[in-house]
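Data from input_20.pdb: PDB, C-alpha atoms
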MODEL        1
ATOM      1  CA  MET A   1       0.000   0.000   0.000
ATOM      2  CA  MET A   2       2.792   2.421   0.921
ATOM      3  CA  ARG A   3       4.697   1.651  -2.313
ATOM      4  CA  ALA A   4       1.581   2.371  -4.369
ATOM      5  CA  PHE A   5       1.141   5.691  -2.560
ATOM      6  CA  ILE A   6       4.775   6.665  -3.129
ATOM      7  CA  GLY A   7       4.577   5.597  -6.783
ATOM      8  CA  LEU A   8       1.395   7.598  -7.339
ATOM      9  CA  THR A   9       2.923  10.612  -5.591
ATOM     10  CA  LEU A  10       6.018  10.425  -7.804
ATOM     11  CA  ILE A  11       3.904  10.172 -10.956
ATOM     12  CA  LEU A  12       1.843  13.204  -9.935
ATOM     13  CA  PHE A  13       5.022  15.107  -9.091
ATOM     14  CA  VAL A  14       6.515  14.339 -12.510
ATOM     15  CA  ILE A  15       3.314  15.274 -14.342
ATOM     16  CA  THR A  16       2.849  18.564 -12.514
ATOM     17  CA  GLY A  17       6.561  19.297 -12.718
ATOM     18  CA  CYS A  18       6.434  19.040 -16.498
ATOM     19  CA  GLN A  19       3.664  21.607 -16.749
ATOM     20  CA  SER A  20       4.995  25.135 -16.760
ATOM     21  CA  ASN A  21       3.123  27.489 -14.482
ATOM     22  CA  GLU A  22       5.849  30.039 -15.044
ATOM     23  CA  ASN A  23       4.375  33.473 -15.608
ATOM     24  CA  ILE A  24       6.925  35.289 -17.762
ATOM     25  CA  GLU A  25       6.632  39.040 -18.111
ATOM     26  CA  GLU A  26       5.756  40.020 -21.669
ATOM     27  CA  ILE A  27       6.594  43.102 -23.705
ATOM     28  CA  ALA A  28       4.480  43.494 -26.851
ATOM     29  CA  ASN A  29       5.349  45.434 -29.992
ATOM     30  CA  ASN A  30       2.346  45.591 -32.288
ATOM     31  CA  HIS A  31       3.579  47.746 -35.198
ATOM     32  CA  ASN A  32       5.394  50.190 -32.879
ATOM     33  CA  ASP A  33       2.571  50.236 -30.325
ATOM     34  CA  ILE A  34       4.786  49.145 -27.405
ATOM     35  CA  GLN A  35       3.105  47.650 -24.338
ATOM     36  CA  ASN A  36       4.931  47.159 -21.000
ATOM     37  CA  LEU A  37       8.212  48.877 -21.826
ATOM     38  CA  ASP A  38       8.744  49.058 -18.051
ATOM     39  CA  GLY A  39       9.129  45.274 -18.087
ATOM     40  CA  LEU A  40      12.029  45.545 -20.537
ATOM     41  CA  ASN A  41      13.601  48.332 -18.476
ATOM     42  CA  ASN A  42      13.328  46.113 -15.376
ATOM     43  CA  PHE A  43      15.047  43.304 -17.291
ATOM     44  CA  VAL A  44      17.904  45.675 -18.235
ATOM     45  CA  GLU A  45      18.241  46.717 -14.572
ATOM     46  CA  ASN A  46      18.324  43.073 -13.449
ATOM     47  CA  VAL A  47      21.113  42.362 -15.937
ATOM     48  CA  LYS A  48      23.092  45.348 -14.609
ATOM     49  CA  LYS A  49      22.658  44.053 -11.051
ATOM     50  CA  GLN A  50      23.453  40.481 -12.194
ATOM     51  CA  ASN A  51      20.053  39.208 -10.999
ATOM     52  CA  GLN A  52      18.512  36.327 -12.906
ATOM     53  CA  ALA A  53      15.610  37.435 -15.085
ATOM     54  CA  LYS A  54      13.411  36.300 -17.955
ATOM     55  CA  ILE A  55      11.087  38.124 -20.371
ATOM     56  CA  ASN A  56       9.224  37.487 -23.587
ATOM     57  CA  TYR A  57       9.437  40.143 -26.267
ATOM     58  CA  VAL A  58       6.525  39.661 -28.663
ATOM     59  CA  GLN A  59       6.503  41.369 -32.038
ATOM     60  CA  TYR A  60       3.689  41.040 -34.573
ATOM     61  CA  GLY A  61       4.343  40.858 -38.313
ATOM     62  CA  ILE A  62       2.310  42.599 -40.994
ATOM     63  CA  GLU A  63       0.308  39.435 -41.636
ATOM     64  CA  GLY A  64      -0.288  38.767 -37.941
ATOM     65  CA  GLN A  65       2.666  36.424 -37.342
ATOM     66  CA  ARG A  66       3.606  36.245 -33.663
ATOM     67  CA  GLY A  67       7.356  36.425 -33.187
ATOM     68  CA  VAL A  68       8.612  35.745 -29.668
ATOM     69  CA  LYS A  69      12.106  36.356 -28.397
ATOM     70  CA  THR A  70      12.594  34.880 -24.941
ATOM     71  CA  LEU A  71      15.468  36.569 -23.123
ATOM     72  CA  THR A  72      16.824  34.641 -20.159
ATOM     73  CA  PHE A  73      19.600  36.082 -18.010
ATOM     74  CA  ASP A  74      21.317  33.475 -15.827
ATOM     75  CA  GLY A  75      23.533  35.924 -13.939
ATOM     76  CA  GLU A  76      26.277  35.827 -16.588
ATOM     77  CA  LYS A  77      24.884  35.700 -20.127
ATOM     78  CA  ILE A  78      21.629  36.505 -21.876
ATOM     79  CA  ASN A  79      20.219  33.581 -23.845
ATOM     80  CA  VAL A  80      17.896  34.624 -26.674
ATOM     81  CA  SER A  81      15.555  32.050 -28.178
ATOM     82  CA  HIS A  82      13.496  33.246 -31.162
ATOM     83  CA  SER A  83      10.370  31.607 -32.578
ATOM     84  CA  VAL A  84       7.636  32.649 -35.001
ATOM     85  CA  ASP A  85       4.145  31.222 -34.586
ATOM     86  CA  GLY A  86       5.665  28.578 -32.303
ATOM     87  CA  ASP A  87       8.331  27.447 -34.807
ATOM     88  CA  PHE A  88      11.949  27.723 -33.615
ATOM     89  CA  ILE A  89      14.008  30.194 -35.665
ATOM     90  CA  GLU A  90      17.315  30.813 -33.902
ATOM     91  CA  GLU A  91      19.168  30.938 -30.601
ATOM     92  CA  TYR A  92      22.146  32.969 -29.464
ATOM     93  CA  ASN A  93      23.865  34.227 -26.307
ATOM     94  CA  CYS A  94      24.809  37.827 -25.553
ATOM     95  CA  ASN A  95      27.091  39.322 -22.927
ATOM     96  CA  ASP A  96      24.973  42.411 -22.212
ATOM     97  CA  ILE A  97      21.948  44.551 -23.020
ATOM     98  CA  VAL A  98      22.339  48.323 -23.002
ATOM     99  CA  ILE A  99      20.136  51.331 -23.653
ATOM    100  CA  LYS A 100      21.784  53.922 -25.879
ATOM    101  CA  THR A 101      20.068  57.317 -26.060
ATOM    102  CA  GLU A 102      20.439  59.190 -29.343
ATOM    103  CA  LYS A 103      18.520  62.406 -30.055
ATOM    104  CA  ASP A 104      14.852  61.492 -29.532
ATOM    105  CA  VAL A 105      15.184  57.699 -29.309
ATOM    106  CA  ASN A 106      16.343  54.969 -26.968
ATOM    107  CA  LYS A 107      18.014  51.987 -28.591
ATOM    108  CA  TYR A 108      18.000  48.652 -26.749
ATOM    109  CA  ILE A 109      21.094  46.804 -27.929
ATOM    110  CA  LEU A 110      22.100  43.208 -27.222
ATOM    111  CA  SER A 111      25.891  43.190 -27.360
ATOM    112  CA  GLN A 112      28.652  40.686 -28.035
ATOM    113  CA  CYS A 113      26.306  37.951 -29.223
ATOM    114  CA  THR A 114      27.416  34.525 -30.443
ATOM    115  CA  GLY A 115      25.538  31.545 -31.832
ATOM    116  CA  ASP A 116      23.005  31.806 -34.671
ATOM    117  CA  PHE A 117      23.667  35.582 -34.575
ATOM    118  CA  ASN A 118      27.104  37.136 -34.029
ATOM    119  CA  GLY A 119      27.841  40.720 -33.018
ATOM    120  CA  ASP A 120      25.642  43.494 -31.661
ATOM    121  CA  PHE A 121      21.897  43.511 -32.287
ATOM    122  CA  GLU A 122      19.643  46.558 -32.072
ATOM    123  CA  PHE A 123      16.743  44.866 -30.363
ATOM    124  CA  LEU A 124      14.248  47.732 -30.137
ATOM    125  CA  THR A 125      14.157  51.478 -30.813
ATOM    126  CA  THR A 126      11.599  53.658 -29.018
ATOM    127  CA  PRO A 127      10.959  57.369 -28.624
ATOM    128  CA  ASN A 128      12.752  58.371 -25.421
ATOM    129  CA  ASN A 129       9.557  59.923 -24.025
ATOM    130  CA  LEU A 130       7.850  56.512 -23.978
ATOM    131  CA  LYS A 131       7.259  54.944 -20.550
TER     132      LYS A 131
ENDMDL
END

Conversion result in structure tokens:
Amino acid sequence: MMRAFIGLTLILFVITGCQSNENIEEIANNHNDIQNLDGLNNFVENVKKQNQAKINYVQYGIEGQRGVKTLTFDGEKINVSHSVDGDFIEEYNCNDIVIKTEKDVNKYILSQCTGDFNGDFEFLTTPNNLK
């Protein structure tokens, strides 16, 4: 009886452990209508402070495609996984994310990336009066 209980408990643990209840903060860019830019700014701050963090950056294409870049900072590097409509596109790692202010815009730049993309990547450009 005790073995059956332990076995059932382990099975339930494995099943529930495989389901992701993770609520990842999401930033949406629907044709330059940016929602939750504060979430991206918080991610940048966490990277500066070397705190682990994770966000989804969602960008919609002209035909309604849903592109998602998941940025995961592990305390050392930023892993970027990119998919469109659920299909994997590419993955790369970056050493940093910085905000560069030029004239009337803020540029979010992923720097020193390697993997499916190499170099610096201008991730998002927004008017610097956007909150």

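The environment of region 30-37 of chain A within 12 Å, counting only C-alpha atoms and disregarding residues fewer than 5 places along the same chain, consists of Glu25, Asn42, Phe43, Val44, Ile55, Asn56, Tyr57, Val58, Gln59, Tyr60, Gly61, Ile62, Glu63, Gly64, Gln65, Arg66, Gly67, Val68, Asn106, Tyr108, Leu124, Thr125, Thr126, Pro127, Asn128, Asn129, Leu130 and Lys131 of chain A.
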
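Using only C-alpha atoms, the shortest contact distance between Ile27 (chain A) and any of A:Asp96, A:Gln52, A:Thr70, A:Asp85 is found at A:Thr70.
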
Can you tell me which residues surround Ile109 (chain A) at a distance of at most 9 Å, considering only C-alpha atoms, apart from same-chain residues fewer than 5 positions away, and format the answer as number ranges by chain?
A: 96-100, 120-125

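The space separating CA of Gln112 (chain A) from CA of Glu45 (chain A) comes to 18.1 Å.
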
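Our summary of the geometry notes that CA of Val80 (chain A) is positioned 13.3 Å from CA of Gly119 (chain A).
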
So how far away is CA of Ile24 (chain A) from CA of Ile78 (chain A), in Å?
15.3 Å

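Each of A:Lys48, A:Asp116, A:Asp104, A:Ser111 was compared to Ser81 (chain A) using only C-alpha atoms, and A:Asp116 turns out to be the nearest.
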
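Remark: for Gln50 (chain A), the closest of the candidate residues A:Glu26, A:Thr114, A:Gly75, A:Asp38 is A:Gly75 (distances computed over all atoms listed in the file).
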
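With all atoms listed in the file as the basis for measurement, A:Lys69 is the residue among A:Leu40, A:Val47, A:Glu102, A:Lys69 that approaches Gly86 (chain A) most closely.
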